[in-house]
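Dumped input-v3.cif below, it's mmCIF, C-alpha atoms:
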data_target
#
loop_
_atom_site.label_atom_id
_atom_site.label_comp_id
_atom_site.auth_asym_id
_atom_site.auth_seq_id
_atom_site.Cartn_x
_atom_site.Cartn_y
_atom_site.Cartn_z
CA MET A 6 46.21 -86.14 23.81
CA ASN A 7 45.78 -82.42 24.36
CA GLU A 8 48.72 -80.59 25.80
CA PRO A 9 48.11 -79.31 29.33
CA GLN A 10 47.37 -75.63 29.61
CA GLU A 11 49.73 -73.40 31.49
CA PRO A 12 48.38 -72.25 34.86
CA GLY A 13 46.30 -69.12 34.44
CA ASN A 14 46.01 -69.58 30.67
CA PRO A 15 42.51 -70.84 29.83
CA GLU A 16 41.72 -72.81 26.73
CA PRO A 17 40.93 -70.60 23.72
CA ARG A 18 37.30 -71.73 23.69
CA ILE A 19 36.85 -70.84 27.35
CA LEU A 20 38.53 -67.49 26.82
CA ALA A 21 36.31 -66.78 23.82
CA ALA A 22 33.18 -67.65 25.81
CA TRP A 23 34.33 -65.42 28.69
CA ARG A 24 34.90 -62.49 26.35
CA GLU A 25 31.59 -63.03 24.59
CA TRP A 26 29.83 -62.99 27.95
CA LEU A 27 31.63 -59.79 28.94
CA GLY A 28 30.46 -58.23 25.70
CA ALA A 29 26.86 -59.03 26.61
CA LEU A 30 27.16 -56.92 29.76
CA ALA A 31 26.85 -53.78 27.63
CA ASN A 32 23.31 -54.48 26.44
CA ASP A 33 21.80 -57.46 28.27
CA ALA A 34 20.27 -56.67 31.66
CA ASP A 35 19.94 -60.37 32.52
CA ALA A 36 23.66 -60.87 31.90
CA ALA A 37 24.49 -57.88 34.10
CA LEU A 38 22.26 -59.15 36.91
CA ALA A 39 23.80 -62.62 36.59
CA ALA A 40 27.28 -61.12 36.84
CA ALA A 41 26.30 -59.29 40.02
CA ASP A 42 24.79 -62.44 41.53
CA VAL A 43 27.80 -64.61 40.73
CA TYR A 44 30.28 -62.01 41.95
CA ALA A 45 28.33 -61.46 45.18
CA GLY A 46 28.67 -65.16 45.98
CA LEU A 47 32.45 -65.28 45.55
CA ALA A 48 35.07 -65.37 48.27
CA PRO A 49 37.38 -62.33 48.52
CA GLU A 50 40.27 -63.99 46.69
CA ALA A 51 37.95 -65.04 43.86
CA ARG A 52 36.67 -61.47 43.56
CA ASP A 53 40.25 -60.24 43.30
CA ALA A 54 40.91 -62.81 40.58
CA TRP A 55 37.82 -61.63 38.68
CA LEU A 56 39.04 -58.03 38.79
CA ASP A 57 42.52 -59.13 37.72
CA ALA A 58 41.00 -60.91 34.72
CA LEU A 59 38.96 -57.83 33.80
CA ALA A 60 42.02 -55.61 34.02
CA GLU A 61 43.83 -57.94 31.63
CA ASP A 62 41.01 -58.53 29.14
CA ALA A 63 39.13 -55.21 29.12
CA PRO A 64 41.58 -53.37 26.82
CA GLY A 65 40.93 -55.93 24.09
CA LEU A 66 37.15 -55.65 24.25
CA SER A 67 34.88 -53.18 22.49
CA VAL A 68 32.86 -52.78 25.67
CA PRO A 69 32.57 -49.63 27.81
CA LEU A 70 34.42 -50.17 31.06
CA VAL A 71 31.39 -49.12 33.07
CA ALA A 72 29.49 -52.12 31.66
CA LEU A 73 32.14 -54.49 33.01
CA TYR A 74 32.43 -53.01 36.48
CA ALA A 75 29.06 -51.44 37.37
CA PRO A 76 27.24 -54.75 38.09
CA LEU A 77 30.07 -55.77 40.42
CA LEU A 78 30.29 -52.36 42.05
CA ALA A 79 26.61 -52.61 42.94
CA VAL A 80 27.26 -55.57 45.26
CA GLU A 81 30.79 -54.83 46.48
CA ALA A 82 31.26 -53.38 49.97
CA ASP A 83 35.04 -53.65 50.34
CA PRO A 84 36.53 -50.13 50.08
CA GLU A 85 39.70 -51.23 48.27
CA ARG A 86 37.90 -53.22 45.61
CA ARG A 87 35.31 -50.46 45.18
CA ALA A 88 38.10 -47.92 44.71
CA ARG A 89 39.76 -50.19 42.17
CA MET A 90 36.57 -50.51 40.14
CA GLU A 91 35.73 -46.82 40.36
CA ALA A 92 39.23 -45.96 39.14
CA ALA A 93 38.80 -48.33 36.21
CA ILE A 94 35.45 -46.77 35.29
CA VAL A 95 36.98 -43.29 35.30
CA LEU A 96 39.46 -44.48 32.68
CA GLY A 97 36.56 -45.17 30.35
CA ASP A 98 33.84 -42.95 28.95
CA THR A 99 32.39 -41.16 31.96
CA SER A 100 29.45 -40.00 29.86
CA ALA A 101 28.22 -43.60 29.98
CA TRP A 102 27.67 -43.29 33.73
CA ARG A 103 24.20 -41.87 34.30
CA GLY A 104 23.84 -38.25 33.15
CA ARG A 105 20.39 -38.67 31.57
CA PRO A 106 17.31 -37.28 33.33
CA ILE A 107 14.92 -39.33 35.43
CA ARG A 108 11.53 -39.86 33.80
CA ALA A 109 8.21 -39.93 35.65
CA LEU A 110 4.97 -41.50 34.48
CA SER A 111 1.76 -41.36 36.45
CA GLY A 112 -1.94 -42.05 36.27
CA MET A 113 -4.98 -41.92 38.53
CA ALA A 114 -7.23 -44.84 39.38
CA ARG A 115 -10.84 -44.66 40.44
CA GLY A 116 -11.01 -43.46 44.00
CA GLY A 117 -8.05 -41.12 43.60
CA ALA A 118 -5.20 -43.61 44.00
CA ARG A 119 -2.07 -42.73 42.03
CA VAL A 120 0.03 -45.22 40.11
CA VAL A 121 3.56 -44.01 39.35
CA ALA A 122 6.67 -45.27 37.61
CA LEU A 123 10.01 -43.50 38.05
CA VAL A 124 12.63 -44.46 35.48
CA GLN A 125 16.17 -43.64 36.60
CA PRO A 126 19.12 -44.09 34.22
CA VAL A 127 21.96 -46.10 35.74
CA TYR A 128 24.60 -46.51 33.04
CA LEU A 129 24.75 -46.99 29.28
CA ARG A 130 21.21 -47.95 28.19
CA PHE A 131 20.24 -49.49 31.52
CA VAL A 132 17.73 -48.06 33.98
CA ARG A 133 16.13 -48.94 37.28
CA VAL A 134 12.43 -48.43 37.87
CA LEU A 135 10.33 -47.70 40.95
CA TRP A 136 6.67 -48.65 40.66
CA CYS A 137 4.07 -47.76 43.28
CA ARG A 138 0.40 -47.21 44.00
CA TYR A 139 -0.61 -44.83 46.77
CA LEU A 140 -2.98 -42.21 48.11
CA PRO A 141 -1.09 -38.95 48.70
CA ASP A 142 -2.64 -38.27 52.12
CA GLU A 143 -2.71 -41.88 53.35
CA GLY A 144 0.25 -43.83 52.01
CA PHE A 145 1.10 -46.81 49.85
CA PHE A 146 -0.87 -49.81 48.70
CA TRP A 147 2.31 -51.33 47.26
CA ALA A 148 5.71 -50.45 45.88
CA ARG A 149 8.25 -52.54 44.00
CA HIS A 150 11.29 -51.91 41.87
CA ASP A 151 13.34 -53.38 39.07
CA CYS A 152 16.99 -52.87 39.93
CA LEU A 153 18.13 -53.15 36.30
CA LEU A 154 16.27 -53.09 33.01
CA SER A 155 17.28 -52.42 29.45
CA GLU A 156 15.93 -49.01 28.53
CA GLY A 157 13.82 -50.60 25.81
CA ASP A 158 11.99 -52.63 28.46
CA ALA A 159 11.26 -49.64 30.70
CA PRO A 160 7.74 -48.17 30.84
CA ARG A 161 6.84 -45.37 28.46
CA ASN A 162 3.97 -42.99 27.87
CA GLY A 163 0.81 -45.06 27.43
CA ALA A 164 1.90 -48.02 29.55
CA VAL A 165 -0.85 -49.64 31.62
CA VAL A 166 0.02 -50.68 35.18
CA ASP A 167 -2.48 -52.13 37.65
CA GLY A 168 -5.22 -51.22 35.19
CA VAL A 169 -4.17 -47.55 35.10
CA LEU A 170 -2.94 -45.70 32.02
CA LEU A 171 0.37 -43.94 32.71
CA GLU A 172 1.35 -40.70 31.03
CA THR A 173 4.60 -38.76 31.03
CA THR A 174 4.53 -36.31 33.94
CA PRO A 175 6.93 -33.61 35.21
CA LEU A 176 9.25 -35.18 37.74
CA THR A 177 9.23 -32.61 40.54
CA PRO A 178 5.52 -32.71 41.50
CA VAL A 179 5.56 -36.52 41.40
CA VAL A 180 8.57 -36.73 43.72
CA GLU A 181 7.06 -34.14 46.08
CA GLU A 182 3.81 -36.08 46.21
CA LEU A 183 5.65 -39.34 46.88
CA ALA A 184 7.58 -37.70 49.72
CA HIS A 185 4.27 -36.50 51.18
CA ALA A 186 2.83 -40.02 50.89
CA ILE A 187 5.88 -41.46 52.67
CA LEU A 188 5.28 -39.20 55.67
CA ALA A 189 1.54 -39.91 55.64
CA HIS A 190 2.21 -43.65 55.54
CA ARG A 191 4.44 -43.52 58.61
CA ARG A 192 2.10 -41.22 60.53
CA ARG A 193 -0.54 -43.91 60.13
CA GLY A 194 1.89 -46.44 61.60
CA GLY A 195 2.48 -48.33 58.38
CA GLU A 196 5.78 -49.97 57.49
CA LEU A 197 7.27 -48.46 54.37
CA PRO A 198 7.77 -50.81 51.41
CA ALA A 199 11.43 -51.73 51.11
CA SER A 200 11.60 -50.63 47.48
CA LEU A 201 11.11 -46.99 48.49
CA ARG A 202 14.39 -47.08 50.40
CA GLU A 203 16.22 -47.94 47.20
CA PHE A 204 15.19 -44.50 45.89
CA ALA A 205 15.49 -42.52 49.13
CA ASP A 206 17.86 -40.00 47.54
CA LEU A 207 15.08 -38.85 45.20
CA PHE A 208 12.71 -37.99 48.02
CA ASP A 209 15.20 -36.10 50.18
CA ALA A 210 13.89 -38.27 52.99
CA ASP A 211 15.74 -39.42 56.11
CA PHE A 212 14.22 -42.88 56.45
CA GLU A 213 15.92 -43.55 59.77
CA ALA A 214 14.37 -40.41 61.23
CA ILE A 215 10.99 -41.26 59.72
CA ASP A 216 11.13 -44.76 61.19
CA ASP A 217 12.18 -43.54 64.65
CA PRO A 218 9.03 -43.72 66.78
CA ARG A 219 10.32 -41.16 69.27
#
In structure tokens, write the structure found in this file.
Amino acid sequence: MNEPQEPGNPEPRILAAWREWLGALANDADAALAAADVYAGLAPEARDAWLDALAEDAPGLSVPLVALYAPLLAVEADPERRARMEAAIVLGDTSAWRGRPIRALSGMARGGARVVALVQPVYLRFVRVLWCRYLPDEGFFWARHDCLLSEGDAPRNGAVVDGVLLETTPLTPVVEELAHAILAHRRRGGELPASLREFADLFDADFEAIDDPR
């Protein structure tokens, strides 16, 4: 008969699996998204226990601290837990937290519609991507986003989206044109796609003011 484990001391196999899973957070976008989903569904005391376990195990892992905490930080609203995670990230390699430039790719469809992908680094080799199709003076046909992708899965020069070839494009004119399309869309009474709000900081747009009909 196996000896009972002491409270708080998991079996070696469980501990090994936990640490292996934590290691995957540094390079597997699906693992990072799964971590965020699981953490988001936990009760407050369970979230605290998760952070306690990370604080104990992180020093023994060859994983950047930002990889362990960033997926959780993305779904945490409690100020104390957010501060705890942000403090832990600062102890690690801060160069792993963003710092790389945003990339823009764009192409033009028949009829003048633009198709654009904005690739924004998040941390380590992970990015988030905004995809959209629009007419600059009229607004958006559609917009969607991937909240987390491995950089190797992000679009690059020559990608084809919605039947349109995308090419690397300077960021500033693309962002300015998107901001113009946002205003045009609202002036026509259209509801802005939710994905655009995820990237509102890029457009220097006050979405609440834009949405206010007064």
### Message
To one decimal place in Å, what is the distance between atom CA of Glu203 of chain A and atom CA of Asp53 of chain A?
### Response
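Value for the atom CA of Glu203 of chain A-atom CA of Asp53 of chain A distance: 27.3 Å.
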### Summary
Using all atoms listed in the file, the best pick from A:Leu153, A:Val68, A:Leu56, A:Ile107 as closest to Val179 of chain A would be A:Ile107
### Length of the atom CA of Leu27 of chain A to atom CA of Val124 of chain A vector [Å]
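Going from atom CA of Leu27 of chain A over to atom CA of Val124 of chain A covers 25.3 Å.
Residue nearest Leu170 of chain A within the list A:Ala122, A:Val134, A:Val127, A:Ile187: A:Ala122 [criterion: smallest interatomic distance, all atoms listed in the file].
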#### Entry: Selection under test: the PyMOL selection byres ((chain A and resi 55) around 12); residues as a ChimeraX atom specification
/A:23,27,40-41,43-45,47-54,56-63,73-74,77,86,90
### Message
I need the residue nearest Pro175 of chain A from this list: A:Ser155, A:Ser200, A:Ser111, A:Gln125. Use only C-alpha atoms for the distance.
### Response
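Checking each candidate against Pro175 of chain A, we get A:Ser111 as the closest.
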### Task
Take the PyMOL selection byres ((chain A and resi 160) around 9), apply it to the structure above, and return the hits as number ranges by chain.
A: 110, 122-124, 134, 156-159, 161-165, 171
Skip Gly195 of chain A itself and residues of its chain fewer than 6 positions away, then list as a short mmCIF file (atom, residue, chain, number, x, y, z; two decimals) with C-alpha atoms, keeping the file's coordinate frame all residues within 9 Å of it, counting only C-alpha atoms.
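out-v3.cif was written with the following content:
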data_model
loop_
_atom_site.label_atom_id
_atom_site.label_comp_id
_atom_site.auth_asym_id
_atom_site.auth_seq_id
_atom_site.Cartn_x
_atom_site.Cartn_y
_atom_site.Cartn_z
CA GLY A 144 0.25 -43.83 52.01
CA PHE A 145 1.10 -46.81 49.85
CA ALA A 189 1.54 -39.91 55.64
#
### Task
Report as an MDAnalysis selection string the full result of the PyMOL selection byres ((chain A and resi 119) around 8) when it is applied to this structure.
chainID A and resid 111:114 117:118 120:121 138:141
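Residue nearest Ala205 of chain A within the list A:Leu78, A:Leu135, A:Val169, A:Ala34: A:Leu135 [criterion: smallest interatomic distance, only C-alpha atoms].
Of the listed residues (A:Leu176, A:Glu182, A:Val166, A:Tyr128), A:Tyr128 comes nearest to Leu154 of chain A; the distances count only C-alpha atoms.
Atom CA of Ala109 of chain A is found 28.5 Å from atom CA of Leu70 of chain A.
Among A:Ile94, A:Glu85, A:His185, A:Val180, the residue with the shortest atom-to-atom distance to Asp206 of chain A, counting only C-alpha atoms, is A:Val180.
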### Query
At most 12 Å from (29.8, -61.7, 26.0), file frame, all atoms listed in the file: which residues, as a list in words?
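All residues meeting the 12 Å criterion around (29.8, -61.7, 26.0) are Ile19, Leu20, Ala21, Ala22, Trp23, Arg24, Glu25, Trp26, Leu27, Gly28, Ala29, Leu30, Ala31, Asn32, Asp33, Asp35, Ala36, Ala37, Ala40, Ala63, Leu66, Ser67, Val68, Ala72 and Leu73 of chain A.
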